[in-house]
Number of protein chains: 2
Amino acid sequence: MDKVRFGIVGFGNMGTGHAKNLLSGKITNAILTAICDIDPKKFDLLDEKYRDQVKFFTDAEEMFKSGEVDCVQICTPHYSHVDLAILAMDAGLHCIVEKPADVYTLKVKKMIERNKTNDKVLGIMFNQRTNPAFKKMRELVKSGVIGEIKRTNWIITDWYRTQLYYDSGSWRATWAGEGGGVLYNQAPHNLDLFQWITGMMPSKVRAFCHYGKWHDIEVEDDVTCYVEYPNGATGVFITTTADAPGTNRFEITGTKGRLIFDANIAGSKKSTLTLTTLKIDERTYCYETDEPFKAPPVEETVEVELEENNPQHVGIMNNVANTILGLEELYAPAEDGLNGVMLANAMHLSSWLDKEISLPIDDELFYEELKKRIAISKPHTVREKVVAQ
Amino acid sequence: MDKVRFGIVGFGNMGTGHAKNLLSGKITNAILTAICDIDPKKFDLLDEKYRDQVKFFTDAEEMFKSGEVDCVQICTPHYSHVDLAILAMDAGLHCIVEKPADVYTLKVKKMIERNKTNDKVLGIMFNQRTNPAFKKMRELVKSGVIGEIKRTNWIITDWYRTQLYYDSGSWRATWAGEGGGVLYNQAPHNLDLFQWITGMMPSKVRAFCHYGKWHDIEVEDDVTCYVEYPNGATGVFITTTADAPGTNRFEITGTKGRLIFDANIAGSKKSTLTLTTLKIDERTYCYETDEPFKAPPVEETVEVELEENNPQHVGIMNNVANTILGLEELYAPAEDGLNGVMLANAMHLSSWLDKEISLPIDDELFYEELKKRIAISKPHTVREKVVAQ
């Protein structure tokens with residue numbers, strides 16, 4: 001195999017974007033050979049000059065069995081991610097799914113299980129893992145420079161959406177159509193990074209999800225979540241689609257220092273990553289010093305230099321193609337996607353049952369509770385003049 | 001009355017500090033005429049040249065009835081604040097109490113009740129209300145420039161204390177001696193400002209207090225609290241005495257903008273107050289715009305200029321003296337102290353009962369729960385070589 005032949009399923013926002021990257025040659029070792037969408041009109045979105053090279057399908061399974069593709073890129077609504085990924089693997093294909101991995105852990109686990117019995121590459125579009133600031137944060141935490149983590153705090157409220165956004169599709173922000181709101185559509189990246197950067201999954205979650213608080217929708221558009229980690233650390237995760245200006249500030253405090261990422265939304269500055277280190281581990285200092293009030297002395301506070309390269313979607317797609325060709329290790333395996341879905345599920349479950357939830361969650365219990373909401377879910381009224389985004 | 005004659009009760013850390021301010025003439029319309037401490041040796045702390053001017057008492061009531069003082073400044077342990085204030089008012093004196101107003105709402109209410117039936121000035125040492133940044137924040141919120149508040153977030157984790165600090169007194173950080181930890185000793189200022197700046201008391205509190213988590217103490221040294229306000233806004237308040245470097249960042253998001261105070265602890269910059277305003281109210285924009293993704297346009301982001309003057313304790317004491325003389329309005333009335341104690345009590349109650357607490361709290365219930373902890377409280381072991389701080 002010289003070039004990996006990509007087939008895209010779901011030719012909407014994300015699908016058309018990924019197609020552009022493939023067609024413009026940005027994915028060095030991959031080409032686009034097929035597109036699938038249940039709506040045949042979507043093929044018109046493809047420039048005429050590519051129509052010989054790219055086959056069009058309206059049935060996913062047909063595309064998977066056509067022999068035209070090596071790797072399927074799944075860009076369909078959340079609920080179909082796992083079903084399509086399993087179908088693709090059954091057809092002997094590699095796969096990359098959009099985030100979230102799916103809507104509920106019970107289902108995501110099926111996809112991971114299926115992948116264990118084959119040798120196919122199964123990636124997930126966690127493109128924000130290629131952001132230099134987040135890569136650096138993970139690297140710094142891993143290096144031990146801030147010691148053991150004691151506290152995390154991510155205020156990620158810059159996912160602004162208007163009522164018109166929600167009115168642009170009947171499935172949007174409904175339990176039956178999307179299975180959730182900001183935690184499933186906008187913040188999955190942050191839920192992933194929250195555990196990827198720290199290298200820790202919370203063991204307990206107490207969340208306060210507000211449903212249709214700021215918009216006329218069924219699902220959550222405002223979430224505050226308190227977490228506890230196995231090592232005793234605590235954390236807070238806050239997200240919404242209604243704050244303007246929104247904030248994107250992620251602080252991690254350890255026993256030997258602190259890291260602060262701040263995107264400085266609506267401010268005059270660029271994103272910054274600030275590292276403060278201590279001369280002595282706080283836990284040691286606390287019990288050994290002769291000082292009652294003074295904090296452990298600071299070694300230094302520096303603004304961490306970040307690499308310019310921020311490949312995002314293109315970076316993840318290149319990595320998947322190169323992993324298939326045996327040239328690289330998979331950077332964002334789909335099994336990692338379980339963690340973000342687990343966190344989102346736990347946050348809902350905590351709000352629905354009004355109590356603290358231990359992780360890993362009870363997959364069946366969450367699904368039962370979700371089904372209750374799907375049962376009374378109604379399609380969103382679509383505003384006439386809205387062009388689907 | 002030319003000058004208000006101040007008498008200080010409790011000649012420890014705070015008492016000696018206030019005495020210095022009075023003796024150095026920083027309190028324009030007040031003089032120090034008496035000091036009371038149960039330990040007669042404390043009088044040695046006063047410079048010899050002042051011993052003619054300042055009478056010493058070991059019994060508070062005796063001082064109150066001596067005719068030597070017009071205003072009593074109470075700097076004793078938390079549990080005695082209200083008792084002494086009531087005694088002072090009964091003796092016909094004005095009063096200023098240290099923060100917190102006392103340990104529990106049931107008691108604070110008695111002091112407020114007593115003050116309603118006399119014309120005495122009853123102030124509280126909320127000196128951080130004189131900080132130019134906090135004054136400005138309150139003024140800006142009141143002005144309506146950020147619209148109606150939707151979200152508050154205060155990470156106030158720069159109250160670092162070592163184990164030696166706690167070991168410096170047998171009463172420290174015990175239920176019987178102090179009645180609480182960081183919420184009662186370090187963060188009362190922030191609990192006051194949290195409601196004073198926003199002009200809103202939460203209606204619901206869900207807190208996660210950790211007791212003796214980072215130090216060998218009985219009480220809380222790590223708190224994360226989620227709040228809801230009557231208008232639907234939500235908030236988070238985080239404090240600890242174990243983070244290094246600590247953070248002091250208070251963000252308030254409204255429908256028309258956002259305010260961020262950041263003390264930039266351990267950073268290279270000074271405290272900043274950043275104001276971002278929108279061209280249109282977010283709530284209007286959300287439902288009226290033809291844009292699906294774009295947030296309401298930003299009018300401007302500015303670093304708010306702050307006045308230099310930061311009088312702190314001296315400012316509050318001057319104001320109390322001048323209020324007694326009829327020259328000013330009382331800036332920090334002791335009845336405001338109820339709010340901070342209410343918040344601290346609610347946070348404990350939420351943790352103890354493991355549930356959300358509605359405000360105003362059940363005063364009796366809190367006191368009953370507190371008494372259970374006092375009943376099993378033990379004095380702290382004091383380390384020999386420690387000088388009391």
# chains A, B, ... in the order shown; residues from 1 in each chain; ligands from 1
$ interface_residues --of "chain B" --to "chain A" --cutoff "7 Å" --atoms "only C-alpha atoms" --output "PyMOL selection string"
chain B and resi 160-165+244-245+257-258+266-267+282+286-287+290-296+301
$ select_by_dssp --residues "stretch 111-152 of chain A" --states "helix (DSSP H, G or I)" --output "PyMOL selection string"
chain A and resi 111-116+127-130+132-143
$ residues_around --residues "stretch 31-47 of chain B" --least-positions-apart "6" --cutoff "7 Å" --atoms "only C-alpha atoms" --output "mmCIF file with N, CA, C and O atoms, in the first residue's frame"
data_model
loop_
_atom_site.group_PDB
_atom_site.id
_atom_site.type_symbol
_atom_site.label_atom_id
_atom_site.label_comp_id
_atom_site.auth_asym_id
_atom_site.auth_seq_id
_atom_site.Cartn_x
_atom_site.Cartn_y
_atom_site.Cartn_z
ATOM 1 N N LYS B 3 -12.058 63.159 70.390
ATOM 2 C CA LYS B 3 -11.435 61.935 69.873
ATOM 3 C C LYS B 3 -12.161 60.757 70.498
ATOM 4 O O LYS B 3 -12.493 60.774 71.693
ATOM 5 N N VAL B 4 -12.375 59.737 69.717
ATOM 6 C CA VAL B 4 -12.998 58.525 70.242
ATOM 7 C C VAL B 4 -11.947 57.728 70.997
ATOM 8 O O VAL B 4 -10.858 57.467 70.478
ATOM 9 N N ARG B 5 -12.279 57.341 72.252
ATOM 10 C CA ARG B 5 -11.324 56.583 73.075
ATOM 11 C C ARG B 5 -11.520 55.088 72.825
ATOM 12 O O ARG B 5 -12.568 54.539 73.142
ATOM 13 N N PHE B 6 -10.517 54.474 72.224
ATOM 14 C CA PHE B 6 -10.590 53.039 71.886
ATOM 15 C C PHE B 6 -10.018 52.180 73.007
ATOM 16 O O PHE B 6 -8.987 52.511 73.592
ATOM 17 N N GLY B 7 -10.695 51.061 73.280
ATOM 18 C CA GLY B 7 -10.164 50.051 74.185
ATOM 19 C C GLY B 7 -10.067 48.730 73.421
ATOM 20 O O GLY B 7 -11.024 48.314 72.775
ATOM 21 N N ILE B 8 -8.903 48.115 73.476
ATOM 22 C CA ILE B 8 -8.697 46.863 72.745
ATOM 23 C C ILE B 8 -8.829 45.671 73.679
ATOM 24 O O ILE B 8 -8.213 45.642 74.747
ATOM 25 N N VAL B 9 -9.640 44.688 73.274
ATOM 26 C CA VAL B 9 -9.754 43.451 74.053
ATOM 27 C C VAL B 9 -9.062 42.336 73.293
ATOM 28 O O VAL B 9 -9.416 42.050 72.150
ATOM 29 N N GLY B 10 -8.087 41.701 73.927
ATOM 30 C CA GLY B 10 -7.311 40.638 73.259
ATOM 31 C C GLY B 10 -6.056 41.238 72.666
ATOM 32 O O GLY B 10 -6.096 41.863 71.610
ATOM 33 N N PHE B 11 -4.926 41.096 73.374
ATOM 34 C CA PHE B 11 -3.705 41.777 72.942
ATOM 35 C C PHE B 11 -2.740 40.773 72.286
ATOM 36 O O PHE B 11 -1.590 40.635 72.687
ATOM 37 N N ALA B 19 -3.243 48.458 68.013
ATOM 38 C CA ALA B 19 -2.720 49.404 69.010
ATOM 39 C C ALA B 19 -1.655 50.301 68.376
ATOM 40 O O ALA B 19 -1.648 51.524 68.579
ATOM 41 N N LEU B 22 -3.235 52.983 66.364
ATOM 42 C CA LEU B 22 -3.838 54.021 67.204
ATOM 43 C C LEU B 22 -2.766 54.910 67.829
ATOM 44 O O LEU B 22 -2.886 56.136 67.839
ATOM 45 N N LEU B 23 -1.698 54.290 68.324
ATOM 46 C CA LEU B 23 -0.652 55.035 69.029
ATOM 47 C C LEU B 23 0.182 55.905 68.096
ATOM 48 O O LEU B 23 0.739 56.923 68.499
ATOM 49 N N GLN B 53 -0.760 56.626 79.557
ATOM 50 C CA GLN B 53 -1.929 56.952 78.735
ATOM 51 C C GLN B 53 -2.918 55.788 78.634
ATOM 52 O O GLN B 53 -4.130 55.981 78.564
ATOM 53 N N VAL B 54 -2.375 54.556 78.623
ATOM 54 C CA VAL B 54 -3.212 53.377 78.371
ATOM 55 C C VAL B 54 -3.384 52.537 79.646
ATOM 56 O O VAL B 54 -2.420 52.062 80.229
ATOM 57 N N LYS B 55 -4.625 52.382 80.077
ATOM 58 C CA LYS B 55 -4.920 51.556 81.260
ATOM 59 C C LYS B 55 -4.984 50.084 80.855
ATOM 60 O O LYS B 55 -5.428 49.751 79.757
ATOM 61 N N PHE B 56 -4.566 49.221 81.760
ATOM 62 C CA PHE B 56 -4.600 47.795 81.465
ATOM 63 C C PHE B 56 -5.611 47.068 82.341
ATOM 64 O O PHE B 56 -5.711 47.312 83.541
ATOM 65 N N PHE B 57 -6.370 46.190 81.729
ATOM 66 C CA PHE B 57 -7.370 45.385 82.435
ATOM 67 C C PHE B 57 -7.169 43.908 82.113
ATOM 68 O O PHE B 57 -6.690 43.567 81.031
ATOM 69 N N THR B 58 -7.536 43.046 83.061
ATOM 70 C CA THR B 58 -7.542 41.614 82.757
ATOM 71 C C THR B 58 -8.987 41.108 82.675
ATOM 72 O O THR B 58 -9.235 39.962 82.335
ATOM 73 N N ASP B 59 -9.935 41.985 82.962
ATOM 74 C CA ASP B 59 -11.349 41.618 82.895
ATOM 75 C C ASP B 59 -12.070 42.579 81.944
ATOM 76 O O ASP B 59 -12.049 43.803 82.142
ATOM 77 N N ALA B 60 -12.674 42.023 80.928
ATOM 78 C CA ALA B 60 -13.279 42.842 79.874
ATOM 79 C C ALA B 60 -14.409 43.713 80.417
ATOM 80 O O ALA B 60 -14.485 44.913 80.130
ATOM 81 N N GLU B 68 -13.433 54.585 80.753
ATOM 82 C CA GLU B 68 -12.199 54.978 80.067
ATOM 83 C C GLU B 68 -12.301 54.873 78.540
ATOM 84 O O GLU B 68 -11.431 55.363 77.837
ATOM 85 N N VAL B 69 -13.307 54.165 78.061
ATOM 86 C CA VAL B 69 -13.380 53.933 76.607
ATOM 87 C C VAL B 69 -14.771 54.237 76.036
ATOM 88 O O VAL B 69 -15.776 54.121 76.731
#
$ atom_distance --atom1 "atom CA of B:Ser66" --atom2 "atom CA of B:Thr323"
22.6 Å
$ atom_distance --atom1 "atom CA of A:Cys75" --atom2 "atom CA of A:Asp362"
27.8 Å
$ closest_residue --among "B:Leu183, B:Leu327, B:Ala173, B:Val145" --to "B:Pro77" --atoms "only C-alpha atoms"
B:Ala173
$ closest_residue --among "B:Thr16, B:Asn115, B:Thr157, B:Thr174" --to "B:His78" --atoms "only C-alpha atoms"
B:Thr174
